[in-house]
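Structure data follow from data04.csv (CSV, C-alpha atoms):
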chain,number,residue,atom,x,y,z
S,30,MET,CA,7.9,-77.2,28.6
S,31,THR,CA,5.2,-74.9,27.0
S,32,ASP,CA,3.9,-76.0,23.6
S,33,HIS,CA,4.1,-72.9,21.3
S,34,THR,CA,2.8,-74.8,18.3
S,35,ALA,CA,0.3,-72.6,16.4
S,36,LYS,CA,-3.3,-73.8,16.8
S,37,PRO,CA,-5.9,-73.4,14.1
S,38,ALA,CA,-8.5,-70.6,14.5
S,39,PRO,CA,-11.8,-71.8,15.8
S,40,THR,CA,-14.6,-72.4,13.3
S,41,TYR,CA,-18.3,-72.0,13.7
S,42,PRO,CA,-21.1,-73.8,12.0
S,43,VAL,CA,-22.8,-72.0,9.1
S,44,VAL,CA,-26.6,-71.8,9.5
S,45,PRO,CA,-28.6,-71.6,6.3
S,46,GLY,CA,-31.1,-68.8,6.1
S,47,ASP,CA,-31.2,-65.1,6.7
S,48,PHE,CA,-31.2,-62.8,9.7
S,49,THR,CA,-34.7,-63.9,10.6
S,50,THR,CA,-33.7,-67.6,11.0
S,51,ALA,CA,-30.1,-67.5,12.2
S,52,PRO,CA,-29.6,-67.9,15.9
S,53,PHE,CA,-28.0,-64.9,17.7
S,54,GLY,CA,-26.3,-64.6,21.0
S,55,VAL,CA,-25.8,-61.6,23.3
S,56,THR,CA,-24.1,-58.7,21.5
S,57,PRO,CA,-20.8,-57.9,23.1
S,58,SER,CA,-20.7,-54.7,25.2
S,59,GLN,CA,-19.3,-51.6,23.4
S,60,THR,CA,-18.6,-48.1,24.6
S,61,VAL,CA,-20.7,-45.2,23.3
S,62,GLY,CA,-17.8,-43.1,21.9
S,63,PRO,CA,-16.4,-42.2,19.6
S,64,TYR,CA,-18.8,-44.2,17.4
S,65,TRP,CA,-21.7,-41.7,17.8
S,66,HIS,CA,-19.8,-39.6,15.3
S,67,ILE,CA,-20.7,-42.0,12.5
S,68,GLY,CA,-24.4,-41.4,12.3
S,69,LEU,CA,-25.8,-39.3,15.2
S,70,PRO,CA,-24.9,-35.7,14.4
S,71,TRP,CA,-26.7,-33.6,11.9
S,72,THR,CA,-26.3,-30.0,10.7
S,73,ASP,CA,-29.1,-28.3,12.7
S,74,GLY,CA,-28.8,-30.7,15.6
S,75,PRO,CA,-27.9,-28.0,18.2
S,76,ASP,CA,-30.9,-25.8,17.3
S,77,ALA,CA,-33.9,-26.9,19.3
S,78,ALA,CA,-35.3,-23.4,18.6
S,79,PRO,CA,-34.8,-21.6,15.3
S,80,ALA,CA,-32.6,-18.5,15.2
S,81,ASP,CA,-35.6,-16.1,15.1
S,82,ALA,CA,-37.5,-17.7,18.0
S,83,PRO,CA,-38.6,-15.3,20.7
S,84,GLY,CA,-36.8,-15.9,23.9
S,85,ARG,CA,-34.1,-18.0,22.3
S,86,ILE,CA,-31.2,-18.8,24.7
S,87,THR,CA,-28.0,-20.8,24.5
S,88,LEU,CA,-27.1,-23.5,26.9
S,89,ALA,CA,-23.3,-24.0,27.2
S,90,ILE,CA,-22.9,-27.5,28.7
S,91,THR,CA,-19.3,-28.6,29.6
S,92,VAL,CA,-18.5,-32.2,30.2
S,93,ILE,CA,-15.6,-33.0,32.6
S,94,ASP,CA,-14.2,-36.5,33.4
S,95,GLY,CA,-12.9,-38.0,36.6
S,96,ALA,CA,-9.4,-36.6,36.0
S,97,ARG,CA,-10.9,-33.1,35.7
S,98,THR,CA,-10.2,-33.2,31.9
S,99,PRO,CA,-12.6,-31.9,29.3
S,100,VAL,CA,-14.3,-34.6,27.4
S,101,ALA,CA,-13.7,-33.3,23.9
S,102,ASP,CA,-15.6,-36.1,22.1
S,103,ALA,CA,-18.8,-35.9,24.1
S,104,MET,CA,-22.2,-35.4,22.7
S,105,ILE,CA,-25.0,-33.7,24.5
S,106,GLU,CA,-28.6,-34.6,23.7
S,107,THR,CA,-31.5,-32.5,25.2
S,108,TRP,CA,-35.2,-33.1,25.5
S,109,GLN,CA,-37.6,-30.5,27.0
S,110,ALA,CA,-41.1,-29.0,27.1
S,111,ASP,CA,-41.9,-25.8,25.3
S,112,THR,CA,-42.3,-22.4,26.9
S,113,LEU,CA,-45.8,-23.4,28.1
S,114,GLY,CA,-44.7,-26.7,29.5
S,115,ARG,CA,-46.2,-28.8,26.7
S,116,PHE,CA,-45.0,-31.5,24.3
S,117,ASN,CA,-45.9,-32.4,20.8
S,118,HIS,CA,-45.9,-36.1,21.7
S,119,PRO,CA,-48.6,-38.7,22.2
S,120,ASP,CA,-47.3,-39.7,25.6
S,121,ASP,CA,-48.2,-36.3,27.0
S,122,PRO,CA,-51.4,-37.2,29.0
S,123,ARG,CA,-52.7,-33.7,28.1
S,124,GLY,CA,-52.4,-34.5,24.4
S,125,ALA,CA,-49.9,-33.5,21.8
S,126,VAL,CA,-50.0,-29.8,20.7
S,127,GLU,CA,-48.1,-27.5,18.3
S,128,LEU,CA,-45.1,-26.2,20.3
S,129,THR,CA,-44.5,-22.6,21.4
S,130,PRO,CA,-42.7,-20.7,19.9
S,131,ALA,CA,-43.3,-21.7,16.3
S,132,GLY,CA,-40.5,-23.9,14.9
S,133,PHE,CA,-39.4,-25.2,18.4
S,134,ARG,CA,-38.9,-28.9,18.3
S,135,GLY,CA,-38.0,-29.7,21.9
S,136,PHE,CA,-35.0,-31.8,21.0
S,137,ALA,CA,-31.3,-31.1,20.3
S,138,ARG,CA,-28.1,-32.9,19.7
S,139,SER,CA,-24.7,-31.1,20.0
S,140,ALA,CA,-21.1,-32.2,19.8
S,141,ALA,CA,-18.6,-30.9,22.4
S,142,ASP,CA,-15.6,-28.8,21.3
S,143,PRO,CA,-12.0,-29.3,22.5
S,144,THR,CA,-12.9,-27.6,25.8
S,145,GLY,CA,-15.6,-30.2,26.4
S,146,THR,CA,-18.4,-27.7,25.8
S,147,ALA,CA,-21.5,-28.3,23.7
S,148,LEU,CA,-23.9,-25.5,22.7
S,149,VAL,CA,-27.6,-26.0,22.6
S,150,HIS,CA,-29.9,-23.2,21.2
S,151,THR,CA,-33.3,-23.4,22.7
S,152,VAL,CA,-35.9,-21.6,24.8
S,153,LYS,CA,-36.6,-21.9,28.5
S,154,PRO,CA,-39.3,-24.5,29.2
S,155,GLY,CA,-42.4,-24.0,31.3
S,156,ALA,CA,-43.2,-25.9,34.5
S,157,LEU,CA,-44.7,-29.4,34.2
S,158,PRO,CA,-47.7,-30.7,36.2
S,159,THR,CA,-47.4,-34.1,37.8
S,160,GLU,CA,-49.9,-36.8,38.8
S,161,ALA,CA,-49.4,-35.7,42.4
S,162,ASP,CA,-50.6,-32.1,41.6
S,163,VAL,CA,-47.1,-30.8,42.3
S,164,ASN,CA,-45.3,-29.0,39.5
S,165,GLU,CA,-41.9,-29.9,38.3
S,166,ALA,CA,-39.7,-26.8,38.0
S,167,PRO,CA,-38.6,-25.7,34.5
S,168,HIS,CA,-35.8,-28.0,33.5
S,169,VAL,CA,-34.1,-29.6,30.5
S,170,ASP,CA,-33.4,-33.3,30.4
S,171,VAL,CA,-29.8,-33.9,29.4
S,172,SER,CA,-28.1,-37.1,28.1
S,173,VAL,CA,-24.3,-37.4,27.8
S,174,PHE,CA,-22.7,-39.7,25.3
S,175,ALA,CA,-18.9,-40.1,25.3
S,176,ARG,CA,-15.9,-42.4,24.8
S,177,GLY,CA,-15.6,-45.0,27.5
S,178,MET,CA,-19.3,-45.1,28.5
S,179,LEU,CA,-21.3,-48.3,28.1
S,180,ASP,CA,-24.5,-46.3,28.2
S,181,ARG,CA,-25.5,-42.7,28.2
S,182,LEU,CA,-25.7,-40.7,31.4
S,183,VAL,CA,-29.0,-38.9,32.0
S,184,THR,CA,-29.5,-35.9,34.2
S,185,ARG,CA,-31.3,-32.6,34.4
S,186,LEU,CA,-30.4,-28.9,34.1
S,187,TYR,CA,-32.5,-26.4,36.2
S,188,PHE,CA,-32.5,-22.6,36.1
S,189,PRO,CA,-31.2,-20.4,38.9
S,190,GLU,CA,-34.1,-18.0,39.0
S,191,ASP,CA,-36.6,-20.7,39.9
S,192,ALA,CA,-35.5,-21.2,43.4
S,193,ASP,CA,-39.0,-21.2,44.8
S,194,ALA,CA,-40.1,-23.9,42.3
S,195,HIS,CA,-37.0,-26.0,43.2
S,196,ALA,CA,-38.2,-26.4,46.7
S,197,THR,CA,-41.2,-28.5,45.7
S,198,ASP,CA,-39.8,-30.1,42.5
S,199,PRO,CA,-40.1,-33.9,43.0
S,200,VAL,CA,-36.5,-34.6,41.8
S,201,LEU,CA,-34.7,-31.8,43.5
S,202,SER,CA,-36.6,-32.2,46.8
S,203,SER,CA,-35.3,-35.8,46.9
S,204,LEU,CA,-31.7,-34.6,46.9
S,205,SER,CA,-29.5,-33.0,49.5
S,206,GLU,CA,-28.9,-29.3,49.3
S,207,THR,CA,-25.4,-30.0,48.0
S,208,GLU,CA,-26.6,-32.4,45.3
S,209,ARG,CA,-29.4,-30.0,44.2
S,210,ALA,CA,-26.9,-27.2,43.6
S,211,LYS,CA,-25.1,-29.4,41.1
S,212,LEU,CA,-28.1,-29.5,38.8
S,213,VAL,CA,-28.6,-25.7,38.7
S,214,ALA,CA,-27.0,-23.8,35.8
S,215,THR,CA,-25.4,-20.3,36.0
S,216,LYS,CA,-27.0,-17.3,34.2
S,217,VAL,CA,-24.7,-15.8,31.6
S,218,ASP,CA,-25.1,-13.3,28.8
S,219,GLY,CA,-27.3,-14.9,26.2
S,220,GLY,CA,-28.3,-17.9,28.2
S,221,TYR,CA,-26.8,-20.3,30.8
S,222,SER,CA,-23.7,-22.3,31.5
S,223,TRP,CA,-23.5,-25.6,33.3
S,224,THR,CA,-20.8,-28.2,34.0
S,225,VAL,CA,-21.4,-31.9,34.1
S,226,TYR,CA,-18.8,-33.9,36.0
S,227,VAL,CA,-19.2,-37.5,34.9
S,228,GLN,CA,-17.2,-39.1,37.8
S,229,ASP,CA,-15.5,-38.4,41.1
S,230,GLU,CA,-13.8,-40.9,43.4
S,231,ASP,CA,-14.9,-38.9,46.4
S,232,ALA,CA,-18.5,-39.8,47.2
S,233,ASN,CA,-19.0,-36.3,48.4
S,234,GLY,CA,-17.2,-34.7,45.5
S,235,VAL,CA,-18.4,-32.8,42.4
S,236,GLU,CA,-19.9,-35.7,40.4
S,237,THR,CA,-23.2,-34.7,38.9
S,238,PRO,CA,-26.3,-36.6,40.1
S,239,PHE,CA,-27.6,-39.0,37.3
S,240,PHE,CA,-30.7,-41.0,36.9
S,241,GLU,CA,-30.6,-44.7,37.2
S,242,LEU,CA,-31.7,-46.2,33.9

Final structure tokens representation of the file:
Amino acid sequence: MTDHTAKPAPTYPVVPGDFTTAPFGVTPSQTVGPYWHIGLPWTDGPDAAPADAPGRITLAITVIDGARTPVADAMIETWQADTLGRFNHPDDPRGAVELTPAGFRGFARSAADPTGTALVHTVKPGALPTEADVNEAPHVDVSVFARGMLDRLVTRLYFPEDADAHATDPVLSSLSETERAKLVATKVDGGYSWTVYVQDEDANGVETPFFEL
């Protein structure tokens, strides 16, 4: 016969002191979304480039899950070089510089709408030199945050008019022709559109290639 008698809740010893002296264990895993809504968005987040920036374009990035359903609570984060392929960051081995055009910050954060689409207003980046003297084709680094993910997904968006540069880009040249095509956006009025598929049970399906973090 099973004993259904209520058992007291477990208790844990109280350790005197503050957060610098109390012992801590491993923090339990927690999915990314929808908690990013609490503190990550800000008003001008989608604007990597100001409204009057020369050459300003809009990236429409749509996130689709494994059931082919738009991920309406996704957040897109982008990081990229300026139009000359430079960064205003100390980790750039060429040195940090003021970005071109004026007011460009190289970083954006945009929430998806009910169709799973997030808009990022930016400029097209320049090519990037590598230590192997081979240029990386113009691209935008893209992170995807969404409900159900234990960590962000990181990938890249490339531009369709740079096919010659794609042939020698270190990342694209490491992928099959089918996989490369998944990272290339489509030219549309005012900018580019691109779809990120976060999952596909078919190993040869539509899932977007992601970097291993």

* **Contacts of Phe239 (chain S) at 8 Å (all atoms listed in the file; same-chain gap of 4+ positions) as a list of chain:residue names** =>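 Near Phe239 (chain S), the qualifying residues are S:Leu182, S:Val183, S:Thr184, S:Arg185.
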
Correct to one decimal, the distance CA of Asn117 (chain S)-CA of Gly84 (chain S) is 19.1 Å

(message) Rounded to one decimal, what separation in Å do you get between CA of Val152 (chain S) and CA of Ile105 (chain S)?
(response)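 That distance, rounded to one decimal, is 16.3 Å.
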
**Request:** Name all residues at most 9 Å from Phe116 (chain S) (count all atoms listed in the file; drop same-chain ones fewer than 5 positions away) and give them as a ChimeraX atom specification.
**Result:** /S:109-111,121,123-128,134-135

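The two atoms in question, CA of Ile93 (chain S) and CA of Arg176 (chain S), are spaced 12.2 Å apart.
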
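For Thr144 (chain S), the set of protein, DNA and RNA residues having any atom at most 9 Å away, when counting only C-alpha atoms and skipping those fewer than 6 positions along the same chain, is S:Thr91, S:Val92, S:Thr98, S:Pro99, S:Val100, S:Ala101.
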
Nearby residues (all atoms listed in the file) at most 7 Å from region 209-218 of chain S, same-chain spacing under 3 positions excluded, as a list of chain:residue names: S:Arg185, S:Leu186, S:Tyr187, S:Phe188, S:Pro189, S:Leu201, S:Leu204, S:Ser205, S:Glu206, S:Tyr221, S:Ser222, S:Trp223, S:Thr237

Save out the residues we just selected, C-alpha atoms, as an mmCIF file, keeping the file's coordinate frame.
data_model
loop_
_atom_site.group_PDB
_atom_site.id
_atom_site.type_symbol
_atom_site.label_atom_id
_atom_site.label_comp_id
_atom_site.auth_asym_id
_atom_site.auth_seq_id
_atom_site.Cartn_x
_atom_site.Cartn_y
_atom_site.Cartn_z
ATOM 1 C CA ARG S 185 -31.300 -32.600 34.400
ATOM 2 C CA LEU S 186 -30.400 -28.900 34.100
ATOM 3 C CA TYR S 187 -32.500 -26.400 36.200
ATOM 4 C CA PHE S 188 -32.500 -22.600 36.100
ATOM 5 C CA PRO S 189 -31.200 -20.400 38.900
ATOM 6 C CA LEU S 201 -34.700 -31.800 43.500
ATOM 7 C CA LEU S 204 -31.700 -34.600 46.900
ATOM 8 C CA SER S 205 -29.500 -33.000 49.500
ATOM 9 C CA GLU S 206 -28.900 -29.300 49.300
ATOM 10 C CA TYR S 221 -26.800 -20.300 30.800
ATOM 11 C CA SER S 222 -23.700 -22.300 31.500
ATOM 12 C CA TRP S 223 -23.500 -25.600 33.300
ATOM 13 C CA THR S 237 -23.200 -34.700 38.900
#

Note to self: Here is a test: counting only C-alpha atoms, which residue of S:Glu106, S:Asp94, S:Asp231, S:Glu165 is nearest to Asp76 (chain S)?
What the structure shows: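 Among the listed residues, S:Glu106 lies closest to Asp76 (chain S).
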
Best match for closeness to Leu148 (chain S) among S:Met104, S:Ala80, S:Val200, S:Val225, counting only C-alpha atoms
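Checking each of S:Met104, S:Ala80, S:Val200, S:Val225 against Leu148 (chain S), counting only C-alpha atoms, the winner is S:Met104.
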
Restricting to only C-alpha atoms, whichever of S:Ala77, S:Asn164, S:Gly95, S:Thr87 is closest to Ala196 (chain S) is S:Asn164

Near-Gly219 (chain S) list (9 Å; all atoms listed in the file; drop same-chain fewer than 4 positions) as a count of residues only
4

From the list S:Gly234, S:Pro199, S:Gly74, S:Gly114, the nearest residue to Pro167 (chain S) using only C-alpha atoms is S:Gly114
